[in-house]
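Enquirer: Sharing a structure below in structure tokens format, with a few things to ask.
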Amino acid sequence: MAKEVATKNAPNAVGPYSQAVQVGNTLYCSGQIGLDPATGKLVSANVVDQTTQALHNLQEVVKTAGFKLDDVVKVTVFMANVADFSEINKIYDQFFGNAKVLPARSAVGIAGLPLGAQVEIEAIASKS
């Protein structure tokens with residue numbers, strides 16, 4: 001049975017979806033952008049700031065469900081500008097670089113993101 005996961009430590013959904021849904025030992029996290037949960041606004045126009053905030057938001061959702069970033073098995077990174085990949089990757093490494101097993105990952109350039117965000121990051125986590 002599916003269970004909704006929600007936390008006030010990450011931004012509210014900006015549409016009709018859940019921050020995450022847990023099914024058994026698997027957590028499906030919706031994409032997070034660089035919104036400040038307190039203001040509901042992007043932390044800045046800078047891709048490094050937005051990536052850092054998006055990953056903090058993702059971490060809060062994962063933690064609320066009783067998971068850790070080490071439990072993340074798949075990540076998808078959506079970028080408004082593929083030229084930002086190197087900068088995004090540096091911040092990503094700060095969050096996932098010390099994982100026992102690095103998650104599988106896709107990085108995709110797209111035409112646009114909600115609220116003018118530069119990056120969106122979604123994840124799937126699993127506990128054995």
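Residues in the structure tokens are numbered from 1 in each chain, the chains being A, B, ... in the order shown, and ligands are numbered from 1 in the order shown.
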According to DSSP computed on the backbone, where in stretch 81-124 of chain A is there alpha helix (DSSP H)? Give the residues as a PyMOL selection string.
Expert: chain A and resi 85-96
Enquirer: Contacts of A:Asn12 at 8 Å or less, counting only C-alpha atoms, minus same-chain residues fewer than 6 places along, as number ranges by chain?
Expert: A: 19, 37, 40
Enquirer: Need the shell around A:Gln50: protein/DNA/RNA residues with any atom at most 8 Å away, counting only C-alpha atoms. Skip same-chain ones fewer than 5 positions apart. Format as a list in words?
Expert: Ile33, Gly34, Leu35, Leu42, Val43, Ser44, Ala45, Ala117, Gln118 and Val119 of chain A
Enquirer: Distance atom CA of A:Val62-atom CA of A:Lys90, one decimal place?
Expert: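 Those two atoms sit 20.8 Å apart.
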Enquirer: Need to verify the contact set: A:Val23, 7 Å, only C-alpha atoms, exclusion of same-chain residues closer than 2 positions in sequence. Can you return it as a list in words?
Expert: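 In the requested form, the answer reads Met1, Ala2, Lys3, Val21, Asn25, Thr26 and Leu27 of chain A.
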Enquirer: Go through A:Asn81, A:Thr64, A:Asn98, A:Ser18 and flag the residue nearest A:Gln32, using only C-alpha atoms for the distances.
Expert: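 The answer is A:Ser18, which sits nearest to A:Gln32.
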Enquirer: Using only C-alpha atoms, which of A:Val48, A:Cys29, A:Leu55, A:Ala20 sits nearest A:Phe96?
Expert: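 Distance minimum relative to A:Phe96 lands on A:Leu55.
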Enquirer: List every residue of chain A that DSSP, applied to the backbone of this structure, places in strand (DSSP E or B), and write the result as a PyMOL selection string.
Expert: chain A and resi 2-5+20-23+26-32+35+42+72-79+104-109+119-126
Enquirer: Point out the residue among A:Thr76, A:Asn57, A:Asn46, A:Ser86 with the least atom-to-atom distance to A:Ala6, counting only C-alpha atoms.
Expert: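 Closest residue, counting only C-alpha atoms: A:Asn57.
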Enquirer: Hey, can you check how far atom CA of A:Ala107 sits from atom CA of A:Glu122?
Expert: 10.6 Å
Enquirer: Atom CA of A:Ala125 and atom CA of A:Thr39 are how many Å apart?
Expert: 27.3 Å
Enquirer: Which residue is closest to A:Ile110? Choose from A:Val14, A:Val82, A:Leu69, A:Ala123 and count only C-alpha atoms.
Expert: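 Selected residue with least distance to A:Ile110: A:Val82.
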